[in-house]
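Raw target_13.txt, compact mmCIF, C-alpha atoms:
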```
# COMPACT_ATOMS: atom_id res chain seq x y z
CA MET A 1 -19.24 6.23 21.06
CA SER A 2 -21.78 4.03 19.34
CA SER A 3 -21.29 0.38 18.51
CA GLU A 4 -21.71 1.36 14.84
CA PHE A 5 -18.75 3.73 15.17
CA GLU A 6 -16.66 1.02 16.83
CA GLN A 7 -17.53 -1.41 14.03
CA ASN A 8 -16.55 1.13 11.39
CA LEU A 9 -13.31 1.94 13.20
CA ASP A 10 -12.48 -1.76 13.33
CA LYS A 11 -13.17 -2.09 9.59
CA TYR A 12 -11.02 0.98 8.93
CA ALA A 13 -8.11 -0.67 10.74
CA ASP A 14 -8.72 -3.81 8.66
CA VAL A 15 -8.51 -1.83 5.42
CA ILE A 16 -5.32 -0.10 6.59
CA ILE A 17 -3.58 -3.41 7.37
CA LYS A 18 -4.97 -5.61 4.58
CA VAL A 19 -5.38 -3.14 1.70
CA GLY A 20 -3.20 -0.14 2.47
CA LEU A 21 -0.10 -1.93 3.76
CA ASN A 22 -0.96 -5.53 2.86
CA LEU A 23 1.21 -6.37 5.86
CA GLN A 24 2.91 -9.75 5.56
CA PRO A 25 3.88 -12.28 8.27
CA GLY A 26 7.35 -11.58 9.60
CA GLN A 27 7.40 -7.90 8.63
CA ARG A 28 8.09 -5.12 11.07
CA LEU A 29 5.76 -2.10 11.05
CA LEU A 30 6.52 1.50 11.98
CA ILE A 31 3.40 3.61 12.63
CA GLY A 32 3.52 7.41 12.54
CA ALA A 33 6.66 7.67 10.45
CA PRO A 34 7.23 10.97 8.63
CA ILE A 35 7.75 10.77 4.87
CA PHE A 36 6.12 13.65 3.03
CA SER A 37 5.70 16.08 5.93
CA ASP A 38 6.79 16.47 9.54
CA THR A 39 3.79 14.54 10.92
CA TYR A 40 3.70 11.60 13.32
CA ALA A 41 1.01 9.67 15.26
CA PRO A 42 -0.99 12.17 17.35
CA ILE A 43 -1.39 10.88 20.90
CA GLU A 44 -5.14 11.53 20.76
CA LEU A 45 -5.43 8.85 18.08
CA ALA A 46 -4.23 6.16 20.48
CA PRO A 47 -7.49 4.14 20.23
CA LEU A 48 -7.11 3.83 16.44
CA VAL A 49 -3.39 3.10 16.71
CA ARG A 50 -4.02 0.34 19.26
CA LEU A 51 -6.50 -1.28 16.87
CA ILE A 52 -3.98 -1.12 14.04
CA VAL A 53 -1.24 -2.60 16.24
CA ALA A 54 -3.49 -5.48 17.33
CA LYS A 55 -4.45 -6.30 13.77
CA ALA A 56 -0.82 -6.07 12.66
CA TYR A 57 0.22 -8.69 15.19
CA LYS A 58 -2.77 -10.87 14.29
CA VAL A 59 -1.63 -11.05 10.64
CA GLY A 60 1.87 -12.01 11.75
CA ALA A 61 3.87 -8.81 12.26
CA ARG A 62 7.20 -9.48 13.93
CA PHE A 63 7.43 -6.12 15.69
CA VAL A 64 5.37 -2.90 15.71
CA ASP A 65 6.59 0.49 16.92
CA VAL A 66 4.96 3.93 17.00
CA MET A 67 6.35 7.45 16.62
CA TRP A 68 4.02 9.57 18.75
CA ILE A 69 3.60 13.34 18.81
CA ASP A 70 1.83 15.94 20.90
CA TYR A 71 1.50 18.87 18.50
CA GLN A 72 1.35 21.29 21.42
CA LEU A 73 5.05 20.53 21.94
CA GLN A 74 5.69 21.68 18.37
CA LEU A 75 3.85 24.92 19.12
CA LEU A 76 5.89 25.43 22.28
CA ARG A 77 9.08 25.18 20.24
CA TYR A 78 7.99 28.05 18.00
CA LYS A 79 7.04 30.14 21.00
CA TYR A 80 10.08 29.61 23.20
CA ALA A 81 13.00 27.91 21.41
CA PRO A 82 16.02 29.97 20.29
CA LYS A 83 15.46 31.35 16.81
CA ASP A 84 18.81 29.98 15.64
CA SER A 85 17.87 26.40 16.60
CA PHE A 86 15.39 25.66 13.83
CA GLU A 87 17.98 24.01 11.62
CA GLU A 88 18.33 21.26 14.21
CA PHE A 89 16.47 17.98 13.66
CA PRO A 90 16.15 14.72 15.67
CA SER A 91 18.11 12.52 13.28
CA TRP A 92 17.20 9.38 15.22
CA ARG A 93 13.73 9.65 13.73
CA THR A 94 14.94 9.58 10.14
CA ASP A 95 17.55 6.94 10.98
CA LEU A 96 14.81 4.63 12.26
CA VAL A 97 12.53 5.20 9.27
CA HIS A 98 15.44 4.66 6.87
CA ASP A 99 16.45 1.43 8.64
CA MET A 100 12.91 0.04 8.45
CA GLY A 101 12.41 1.07 4.83
CA LYS A 102 15.77 -0.19 3.64
CA SER A 103 15.02 -3.55 5.26
CA GLY A 104 11.79 -3.82 3.28
CA ASP A 105 9.55 -3.45 6.31
CA ALA A 106 6.22 -1.58 6.35
CA ILE A 107 5.71 2.14 7.03
CA LEU A 108 2.37 3.71 8.00
CA VAL A 109 2.05 7.51 7.81
CA ILE A 110 -0.75 9.18 9.77
CA TYR A 111 -1.31 12.55 8.11
CA ALA A 112 -3.47 14.44 10.61
CA GLU A 113 -2.66 17.91 11.86
CA ASN A 114 -4.28 21.14 13.02
CA PRO A 115 -4.25 23.47 9.98
CA ASP A 116 -4.11 26.54 12.20
CA LEU A 117 -1.52 25.31 14.71
CA LEU A 118 1.21 27.65 13.49
CA ILE A 119 -0.99 30.38 12.06
CA ASN A 120 0.43 33.05 14.38
CA GLU A 121 4.06 31.91 14.17
CA ASP A 122 6.92 33.41 12.18
CA PRO A 123 6.62 32.27 8.53
CA GLU A 124 10.40 32.46 8.13
CA LEU A 125 10.94 30.04 11.01
CA ILE A 126 8.32 27.71 9.55
CA ASN A 127 10.14 27.81 6.22
CA VAL A 128 13.52 27.06 7.87
CA SER A 129 11.97 24.15 9.78
CA GLN A 130 10.40 22.73 6.60
CA GLN A 131 13.62 23.03 4.60
CA THR A 132 15.49 21.26 7.40
CA PHE A 133 12.91 18.48 7.35
CA PHE A 134 13.17 18.06 3.57
CA LYS A 135 16.96 17.76 3.76
CA HIS A 136 16.84 15.07 6.42
CA MET A 137 14.09 13.15 4.61
CA ALA A 138 15.95 12.94 1.29
CA PRO A 139 17.36 9.41 1.91
CA ILE A 140 13.90 8.16 2.87
CA MET A 141 12.30 9.71 -0.21
CA ASP A 142 14.91 7.83 -2.23
CA LEU A 143 13.51 4.59 -0.79
CA VAL A 144 9.94 5.69 -1.59
CA VAL A 145 10.68 6.49 -5.24
CA GLN A 146 12.45 3.15 -5.55
CA ASN A 147 9.42 1.31 -4.05
CA LYS A 148 11.78 -0.26 -1.55
CA MET A 149 9.05 -0.96 1.02
CA ASN A 150 5.28 -1.23 1.31
CA TRP A 151 3.86 1.94 2.80
CA ALA A 152 0.55 3.74 3.21
CA VAL A 153 -0.77 7.16 4.23
CA ILE A 154 -4.03 7.45 6.19
CA THR A 155 -5.76 10.14 8.21
CA ALA A 156 -8.13 10.55 11.17
CA PRO A 157 -9.87 13.46 12.95
CA ILE A 158 -7.94 15.38 15.61
CA ASP A 159 -8.49 18.52 17.65
CA GLY A 160 -7.94 21.72 15.72
CA TRP A 161 -8.60 20.08 12.35
CA VAL A 162 -12.25 19.35 13.21
CA ASP A 163 -12.62 22.88 14.63
CA LYS A 164 -11.29 24.37 11.38
CA PHE A 165 -13.48 22.06 9.32
CA PHE A 166 -16.78 22.42 11.22
CA PRO A 167 -16.81 25.79 13.01
CA ASP A 168 -20.60 26.03 12.80
CA ILE A 169 -21.60 22.79 14.52
CA PRO A 170 -21.38 22.02 18.27
CA PRO A 171 -17.82 21.16 19.33
CA ASP A 172 -18.83 17.77 20.76
CA LYS A 173 -20.24 16.74 17.35
CA ARG A 174 -17.30 17.71 15.17
CA LYS A 175 -15.13 14.59 15.42
CA ASP A 176 -18.09 12.27 14.89
CA LYS A 177 -19.05 14.26 11.78
CA LEU A 178 -15.56 14.09 10.26
CA TRP A 179 -15.21 10.40 11.12
CA ASP A 180 -18.49 9.80 9.28
CA ILE A 181 -17.15 11.54 6.16
CA ILE A 182 -13.84 9.64 6.32
CA PHE A 183 -15.70 6.34 6.61
CA ASP A 184 -17.72 7.32 3.52
CA ILE A 185 -14.84 8.38 1.27
CA CYS A 186 -12.75 5.39 2.40
CA ARG A 187 -15.54 2.92 1.55
CA ILE A 188 -15.70 1.69 5.14
CA LYS A 189 -19.49 1.59 5.31
CA HIS A 190 -19.65 -1.22 2.76
CA LYS A 191 -20.60 -4.59 4.20
CA ASP A 192 -17.19 -5.88 3.10
CA PRO A 193 -14.91 -2.83 2.70
CA VAL A 194 -11.84 -4.92 1.87
CA SER A 195 -13.68 -6.42 -1.10
CA ALA A 196 -15.03 -2.98 -2.08
CA TRP A 197 -11.47 -1.67 -2.08
CA GLN A 198 -10.27 -4.53 -4.24
CA ASP A 199 -12.98 -3.70 -6.81
CA HIS A 200 -12.08 -0.01 -6.70
CA VAL A 201 -8.35 -0.65 -7.08
CA ASN A 202 -9.05 -2.99 -10.01
CA GLN A 203 -11.10 -0.27 -11.72
CA LEU A 204 -8.30 2.26 -11.31
CA ALA A 205 -5.79 -0.30 -12.61
CA SER A 206 -7.92 -0.75 -15.75
CA ARG A 207 -7.66 3.01 -16.37
CA SER A 208 -3.89 3.05 -15.96
CA ASN A 209 -3.52 -0.06 -18.16
CA TYR A 210 -5.49 1.65 -20.94
CA LEU A 211 -3.26 4.73 -20.77
CA ASN A 212 -0.11 2.58 -20.74
CA GLN A 213 -1.20 0.92 -23.97
CA LYS A 214 -1.61 4.34 -25.62
CA GLU A 215 1.94 5.58 -24.93
CA TYR A 216 0.91 9.22 -25.38
CA MET A 217 3.64 11.71 -26.23
CA SER A 218 1.97 14.50 -24.23
CA LEU A 219 -1.22 15.56 -22.47
CA LYS A 220 -3.22 18.70 -23.27
CA PHE A 221 -5.34 20.32 -20.51
CA THR A 222 -7.97 22.95 -21.35
CA ALA A 223 -10.31 24.85 -19.01
CA THR A 224 -10.96 28.41 -17.90
CA GLY A 225 -7.58 29.84 -16.97
CA THR A 226 -5.72 26.67 -17.98
CA ASN A 227 -4.04 25.99 -21.31
CA LEU A 228 -1.31 23.51 -20.49
CA THR A 229 0.66 20.87 -22.37
CA ILE A 230 2.65 18.34 -20.37
CA GLY A 231 5.16 16.26 -22.30
CA LEU A 232 5.61 12.65 -21.22
CA PRO A 233 8.97 10.84 -21.37
CA LYS A 234 9.44 7.73 -23.46
CA GLY A 235 8.90 4.62 -21.39
CA HIS A 236 6.68 6.34 -18.81
CA MET A 237 4.33 4.11 -16.83
CA TRP A 238 0.89 5.00 -15.51
CA HIS A 239 0.08 3.79 -11.99
CA SER A 240 -2.99 3.86 -9.79
CA GLY A 241 -3.95 2.91 -6.24
CA SER A 242 -2.11 -0.39 -6.23
CA MET A 243 1.68 -0.70 -6.44
CA THR A 244 4.22 -3.44 -5.79
CA SER A 245 7.29 -3.03 -3.62
CA GLN A 246 10.70 -4.45 -4.53
CA ASN A 247 10.07 -7.40 -2.23
CA GLY A 248 6.91 -8.30 -4.16
CA ILE A 249 4.22 -6.94 -1.80
CA THR A 250 1.26 -5.26 -3.51
CA PHE A 251 0.02 -2.29 -1.47
CA THR A 252 -2.25 0.76 -1.74
CA ALA A 253 -0.23 3.80 -0.75
CA ASN A 254 -3.09 6.24 -0.16
CA ILE A 255 -6.33 5.61 1.72
CA PRO A 256 -8.40 7.16 0.15
CA THR A 257 -7.30 7.23 -3.49
CA GLU A 258 -9.09 8.12 -6.72
CA GLU A 259 -6.17 8.87 -9.05
CA VAL A 260 -4.16 7.44 -11.90
CA PHE A 261 -0.78 9.11 -12.31
CA THR A 262 2.48 9.17 -14.21
CA ILE A 263 5.66 11.18 -14.57
CA PRO A 264 6.01 14.28 -16.78
CA HIS A 265 9.15 14.94 -18.76
CA LYS A 266 11.03 17.49 -16.66
CA ASP A 267 11.69 19.89 -19.54
CA LYS A 268 8.49 19.57 -21.58
CA THR A 269 5.70 21.44 -19.79
CA GLU A 270 4.42 24.56 -21.56
CA GLY A 271 1.60 26.99 -20.85
CA VAL A 272 -0.52 28.20 -17.96
CA VAL A 273 -2.36 26.32 -15.22
CA LYS A 274 -4.89 27.83 -12.84
CA GLY A 275 -5.47 26.20 -9.46
CA THR A 276 -9.07 25.22 -8.78
CA LYS A 277 -8.65 24.36 -5.11
CA PRO A 278 -6.52 26.10 -2.50
CA LEU A 279 -3.17 24.55 -1.65
CA TYR A 280 -2.88 24.06 2.09
CA TYR A 281 0.68 23.72 3.27
CA SER A 282 2.39 24.10 6.64
CA GLY A 283 -0.41 26.06 8.26
CA SER A 284 -1.03 28.41 5.35
CA LEU A 285 -3.27 28.54 2.30
CA VAL A 286 -2.29 29.41 -1.26
CA GLU A 287 -5.45 30.55 -3.06
CA ASN A 288 -6.36 31.47 -6.64
CA PHE A 289 -2.89 30.68 -7.93
CA THR A 290 -1.64 30.58 -11.50
CA LEU A 291 1.62 29.01 -12.68
CA THR A 292 3.24 29.69 -16.04
CA PHE A 293 5.68 27.14 -17.50
CA SER A 294 8.33 27.38 -20.18
CA LYS A 295 10.58 24.45 -21.11
CA GLY A 296 9.30 22.62 -18.06
CA LYS A 297 10.16 25.32 -15.54
CA ILE A 298 7.83 27.61 -13.59
CA VAL A 299 8.67 31.09 -14.84
CA GLU A 300 5.81 33.05 -13.28
CA VAL A 301 3.83 32.67 -10.06
CA VAL A 302 0.69 34.62 -9.21
CA ALA A 303 -1.55 33.99 -6.22
CA LYS A 304 -4.27 36.03 -4.55
CA LYS A 305 -3.16 34.68 -1.17
CA GLY A 306 0.00 32.85 -0.10
CA GLU A 307 2.15 33.87 -3.05
CA ASP A 308 5.28 34.16 -0.91
CA LEU A 309 4.76 30.64 0.46
CA LEU A 310 4.42 29.25 -3.06
CA ARG A 311 7.53 31.09 -4.20
CA ASN A 312 9.47 29.72 -1.22
CA LEU A 313 8.40 26.20 -2.12
CA ILE A 314 9.55 26.41 -5.72
CA GLU A 315 12.84 27.92 -4.59
CA THR A 316 13.62 24.96 -2.30
CA ASP A 317 16.06 23.65 -4.91
CA GLU A 318 16.43 23.57 -8.70
CA GLY A 319 14.00 20.69 -9.16
CA ALA A 320 11.26 22.33 -7.10
CA SER A 321 10.34 24.61 -10.01
CA TYR A 322 9.71 21.61 -12.31
CA LEU A 323 7.06 18.88 -12.22
CA GLY A 324 7.38 15.36 -10.85
CA GLU A 325 3.84 14.01 -11.28
CA ILE A 326 0.65 14.45 -13.27
CA ALA A 327 -2.47 12.76 -11.90
CA LEU A 328 -5.97 12.36 -13.33
CA VAL A 329 -9.03 12.27 -11.07
CA PRO A 330 -12.63 12.39 -12.33
CA HIS A 331 -14.77 15.29 -11.15
CA SER A 332 -17.33 12.72 -9.97
CA SER A 333 -14.98 11.36 -7.31
CA PRO A 334 -16.72 11.20 -3.90
CA ILE A 335 -14.26 13.73 -2.50
CA SER A 336 -14.90 16.20 -5.29
CA GLN A 337 -18.65 15.77 -4.99
CA SER A 338 -18.53 16.56 -1.28
CA GLY A 339 -17.65 20.13 -2.24
CA LEU A 340 -15.43 20.39 0.83
CA LEU A 341 -11.89 21.61 1.31
CA PHE A 342 -10.35 19.22 3.85
CA TYR A 343 -7.12 21.14 4.60
CA ASN A 344 -5.47 17.74 4.21
CA ILE A 345 -3.56 16.99 1.01
CA LEU A 346 -4.09 13.22 1.30
CA ILE A 347 -7.81 13.81 0.81
CA ASP A 348 -7.83 17.03 -1.21
CA GLU A 349 -5.57 15.71 -3.98
CA ASN A 350 -8.15 13.00 -4.69
CA ALA A 351 -10.79 15.58 -5.56
CA SER A 352 -9.14 16.86 -8.72
CA ASN A 353 -6.58 16.47 -11.48
CA HIS A 354 -3.32 17.62 -9.98
CA ILE A 355 0.34 18.25 -10.67
CA ALA A 356 3.16 17.79 -8.19
CA LEU A 357 5.95 20.30 -7.87
CA GLY A 358 9.31 18.63 -7.36
CA ARG A 359 10.46 15.04 -7.17
CA GLY A 360 9.25 12.42 -9.61
CA TYR A 361 8.89 8.73 -8.83
CA LYS A 362 11.48 6.40 -10.36
CA PHE A 363 8.93 3.59 -10.43
CA SER A 364 7.11 5.60 -13.12
CA PHE A 365 9.56 4.05 -15.57
CA LYS A 366 9.73 0.33 -16.28
CA ASP A 367 12.35 -1.12 -13.91
CA GLY A 368 12.89 2.47 -12.77
CA GLU A 369 13.70 1.39 -9.23
CA LYS A 370 17.16 0.39 -10.49
CA LEU A 371 17.94 3.80 -12.02
CA SER A 372 20.60 6.06 -10.56
CA ASP A 373 19.69 9.72 -10.11
CA GLU A 374 21.73 10.52 -13.21
CA GLU A 375 20.01 7.84 -15.32
CA PHE A 376 16.63 8.98 -14.03
CA ALA A 377 17.38 12.60 -15.02
CA ALA A 378 18.60 11.51 -18.45
CA LEU A 379 15.19 9.94 -19.13
CA GLY A 380 13.42 13.17 -18.17
CA GLY A 381 12.81 12.52 -14.47
CA ASN A 382 12.97 15.32 -11.92
CA ASN A 383 14.96 15.18 -8.68
CA SER A 384 14.05 17.47 -5.78
CA LEU A 385 13.69 17.52 -2.00
CA ILE A 386 9.96 18.32 -2.26
CA HIS A 387 6.85 16.73 -3.75
CA ILE A 388 3.88 19.11 -3.37
CA ASP A 389 0.51 18.44 -5.04
CA CYS A 390 -1.47 21.31 -6.59
CA MET A 391 -5.07 20.77 -7.72
CA PHE A 392 -6.28 22.21 -11.03
CA GLY A 393 -9.06 19.93 -12.30
CA SER A 394 -12.74 20.85 -12.60
CA GLY A 395 -16.05 19.83 -14.08
CA GLU A 396 -15.27 21.82 -17.23
CA MET A 397 -11.78 20.48 -17.94
CA ASP A 398 -10.96 18.61 -21.14
CA VAL A 399 -7.89 16.39 -21.33
CA ASP A 400 -6.46 15.06 -24.60
CA GLY A 401 -3.71 12.54 -25.21
CA ILE A 402 -1.35 13.48 -28.04
CA LEU A 403 0.09 10.59 -30.04
CA ASP A 404 3.50 10.51 -31.73
CA ASP A 405 1.86 11.41 -35.06
CA GLY A 406 0.32 14.54 -33.53
CA ASN A 407 -3.25 13.25 -33.45
CA ALA A 408 -5.25 13.94 -30.31
CA GLU A 409 -7.56 11.53 -28.50
CA PRO A 410 -10.02 12.45 -25.72
CA ILE A 411 -9.09 11.23 -22.24
CA MET A 412 -11.48 13.43 -20.26
CA ARG A 413 -14.42 15.59 -21.24
CA LYS A 414 -15.92 18.04 -18.75
CA GLY A 415 -13.94 16.42 -15.99
CA GLU A 416 -15.06 12.84 -16.65
CA TRP A 417 -13.42 9.87 -18.32
CA ALA A 418 -13.97 9.85 -22.09
CA PHE A 419 -13.07 6.18 -22.56
CA ASP A 420 -14.56 2.92 -21.28
CA VAL A 421 -12.64 0.07 -19.65
```
Could you express the structure from this file as structure tokens?
Amino acid sequence: MSSEFEQNLDKYADVIIKVGLNLQPGQRLLIGAPIFSDTYAPIELAPLVRLIVAKAYKVGARFVDVMWIDYQLQLLRYKYAPKDSFEEFPSWRTDLVHDMGKSGDAILVIYAENPDLLINEDPELINVSQQTFFKHMAPIMDLVVQNKMNWAVITAPIDGWVDKFFPDIPPDKRKDKLWDIIFDICRIKHKDPVSAWQDHVNQLASRSNYLNQKEYMSLKFTATGTNLTIGLPKGHMWHSGSMTSQNGITFTANIPTEEVFTIPHKDKTEGVVKGTKPLYYSGSLVENFTLTFSKGKIVEVVAKKGEDLLRNLIETDEGASYLGEIALVPHSSPISQSGLLFYNILIDENASNHIALGRGYKFSFKDGEKLSDEEFAALGGNNSLIHIDCMFGSGEMDVDGILDDGNAEPIMRKGEWAFDV
């Protein structure tokens, strides 16, 4: 590997520690913890993980641990384990993550998996395994929505993913090519990427501050196949790349990030939304999907491919058929302009306006971290085991903010911001 690659990898680790986690002296750090999906630290990413560990100790970490995985072991389970064993789960993993999060320590998620790993396995077993994971992760998701700890999600190229992504280039070039793209979209090639990230996060914060001042009653989305109104609860808060944990640490949860987001009112989404990018989930794609909402709930699902998977997701529990997030991303985002489908929701969600099926974030209300589930629901928040992002933005989409008096103001026109900050 070239010295330029090594320099970029070192800067990537810097951004992860200093911008993503903003790791503080005396904190513990758990790398490879599962939060949103059953993913850990792939053993082939050991060189990157070692860099992150070294930098964590250099900034004063008290202790760093890693949850490793060899995804071939996961495949072997599907091939040979008893079919009635897929409701079992290694609870020590969730116990450790919960202990670290509850203590206000730092959690780093490495979301990198082979999209085709389970392509030939029984979809019903995959669904049982995912439902089991969601159930065990519920206490940890409670900590996330309360902003109990500083956490971040990153990614890196691994076998299988690069093969899916670049089937037409020589195998020995694929990882280098994907690394190059990740360095681009994560602003690593800047002379001072930490400073570049601070500027970017400040720009996103200006957008969310503007929207917070407006206190829109609802949002109206219009494009081919989409005619959707999303009601917003009173007291909702817009957020962007930078958030603050309960122990006062400002962190950037997603590297990369291009979004500003808030919470919909659970019962106030009406109309039809057409997906503009496939939803990749658990080894399968949902393509050309349309969702119809009435009184906040999905009442009709149509998809050219993966319709059963989408139906299974929204049947996870009662809240899975309602929305927990609405996010705005300009069509000019670097990820959108790449024109690529990454088969990785961390990256793909930052290419487009998106909604999230399922759980909303309590921190989307002022002082929301203190809300009980019942208080959260009373304000219009949605509780669920899942939080699944679905992309529906495009270069033709218009977004309007509806004020209490019924007047509409432009937020986006043809996929781009319609206001200056």
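CA of Met67 in chain A is found 28.8 Å from CA of Lys189 in chain A.
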inquiry  = Env of range 122-131 of chain A: 7 Å cut, atoms = all atoms listed in the file, seq-sep filter 2 positions within chain, self excluded. Answer as JSON, numbers by chain.
reply    = {"A": [86, 87, 120, 133, 134, 135]}
ask   = Which residues come within 9 Å of range 285-293 of chain A, counting only C-alpha atoms, excluding same-chain residues fewer than 2 positions away, as number ranges by chain?
value = A: 225-226, 228, 269-283, 295-310, 322, 343
Generate the output file for the selected residues, C-alpha atoms, as a short mmCIF file (atom, residue, chain, number, x, y, z; two decimals), in the coordinates of the input.
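Ended up saving to result.cif:
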```
data_model
loop_
_atom_site.label_atom_id
_atom_site.label_comp_id
_atom_site.auth_asym_id
_atom_site.auth_seq_id
_atom_site.Cartn_x
_atom_site.Cartn_y
_atom_site.Cartn_z
CA GLY A 225 -7.58 29.84 -16.97
CA THR A 226 -5.72 26.67 -17.98
CA LEU A 228 -1.31 23.51 -20.49
CA THR A 269 5.70 21.44 -19.79
CA GLU A 270 4.42 24.56 -21.56
CA GLY A 271 1.60 26.99 -20.85
CA VAL A 272 -0.52 28.20 -17.96
CA VAL A 273 -2.36 26.32 -15.22
CA LYS A 274 -4.89 27.83 -12.84
CA GLY A 275 -5.47 26.20 -9.46
CA THR A 276 -9.07 25.22 -8.78
CA LYS A 277 -8.65 24.36 -5.11
CA PRO A 278 -6.52 26.10 -2.50
CA LEU A 279 -3.17 24.55 -1.65
CA TYR A 280 -2.88 24.06 2.09
CA TYR A 281 0.68 23.72 3.27
CA SER A 282 2.39 24.10 6.64
CA GLY A 283 -0.41 26.06 8.26
CA LYS A 295 10.58 24.45 -21.11
CA GLY A 296 9.30 22.62 -18.06
CA LYS A 297 10.16 25.32 -15.54
CA ILE A 298 7.83 27.61 -13.59
CA VAL A 299 8.67 31.09 -14.84
CA GLU A 300 5.81 33.05 -13.28
CA VAL A 301 3.83 32.67 -10.06
CA VAL A 302 0.69 34.62 -9.21
CA ALA A 303 -1.55 33.99 -6.22
CA LYS A 304 -4.27 36.03 -4.55
CA LYS A 305 -3.16 34.68 -1.17
CA GLY A 306 0.00 32.85 -0.10
CA GLU A 307 2.15 33.87 -3.05
CA ASP A 308 5.28 34.16 -0.91
CA LEU A 309 4.76 30.64 0.46
CA LEU A 310 4.42 29.25 -3.06
CA TYR A 322 9.71 21.61 -12.31
CA TYR A 343 -7.12 21.14 4.60
#
```
task = Compile the contact shell of Thr39 in chain A as a VMD selection string: residues with an atom at most 10 Å away, counting all atoms listed in the file, same-chain residues fewer than 5 positions apart removed.
result = chain A and resid 32 to 34 67 to 69 71 109 to 113
key: For range 149-153 of chain A: contacts at 7 Å, all atoms listed in the file, fewer than 3 positions along chain excluded, given as an NGL selection string   = :A and (20-21 or 101 or 104-111 or 245-246 or 249 or 251-255)
key: Polymer residues at most 8 Å from Ile355 in chain A, all atoms listed in the file, same-chain spacing of 6 or more positions, as an NGL selection string   = :A and (323-327 or 389-392)
Output for the residues just chosen: C-alpha atoms as a short mmCIF file (atom, residue, chain, number, x, y, z; two decimals), keeping the file's coordinate frame:
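The resulting file, selection.cif, is reproduced below:
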```
data_model
loop_
_atom_site.label_atom_id
_atom_site.label_comp_id
_atom_site.auth_asym_id
_atom_site.auth_seq_id
_atom_site.Cartn_x
_atom_site.Cartn_y
_atom_site.Cartn_z
CA LEU A 323 7.06 18.88 -12.22
CA GLY A 324 7.38 15.36 -10.85
CA GLU A 325 3.84 14.01 -11.28
CA ILE A 326 0.65 14.45 -13.27
CA ALA A 327 -2.47 12.76 -11.90
CA ASP A 389 0.51 18.44 -5.04
CA CYS A 390 -1.47 21.31 -6.59
CA MET A 391 -5.07 20.77 -7.72
CA PHE A 392 -6.28 22.21 -11.03
#
```
task = Using CA of Phe365 in chain A and CA of Lys214 in chain A as the two end points, give the distance in Å to one decimal.
result = 15.0 Å
inquiry  = Using only C-alpha atoms, list the residues that have an atom at most 10 Å from (-10.1, 11.5, -17.0), coordinates as in the file, as a ChimeraX atom specification.
reply    = /A:207,259-260,327-331,352-353,393,397-400,410-419
remark   = Min atom-atom distance to Arg93 in chain A from the set A:Ala13, A:Ile35, A:Ala81, A:Leu143, counting only C-alpha atoms, belongs to A:Ile35
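CA of Leu51 in chain A to CA of Val97 in chain A spans 21.5 Å [interatomic distance, one decimal].
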task = Would you list the residues near (1.2, 1.0, -10.1) (no more than 10 Å away, in the coordinates of the file, using all atoms listed in the file) as a VMD selection string?
result = chain A and resid 204 to 205 208 to 209 237 to 245 250 to 253 260 to 262 363 to 364
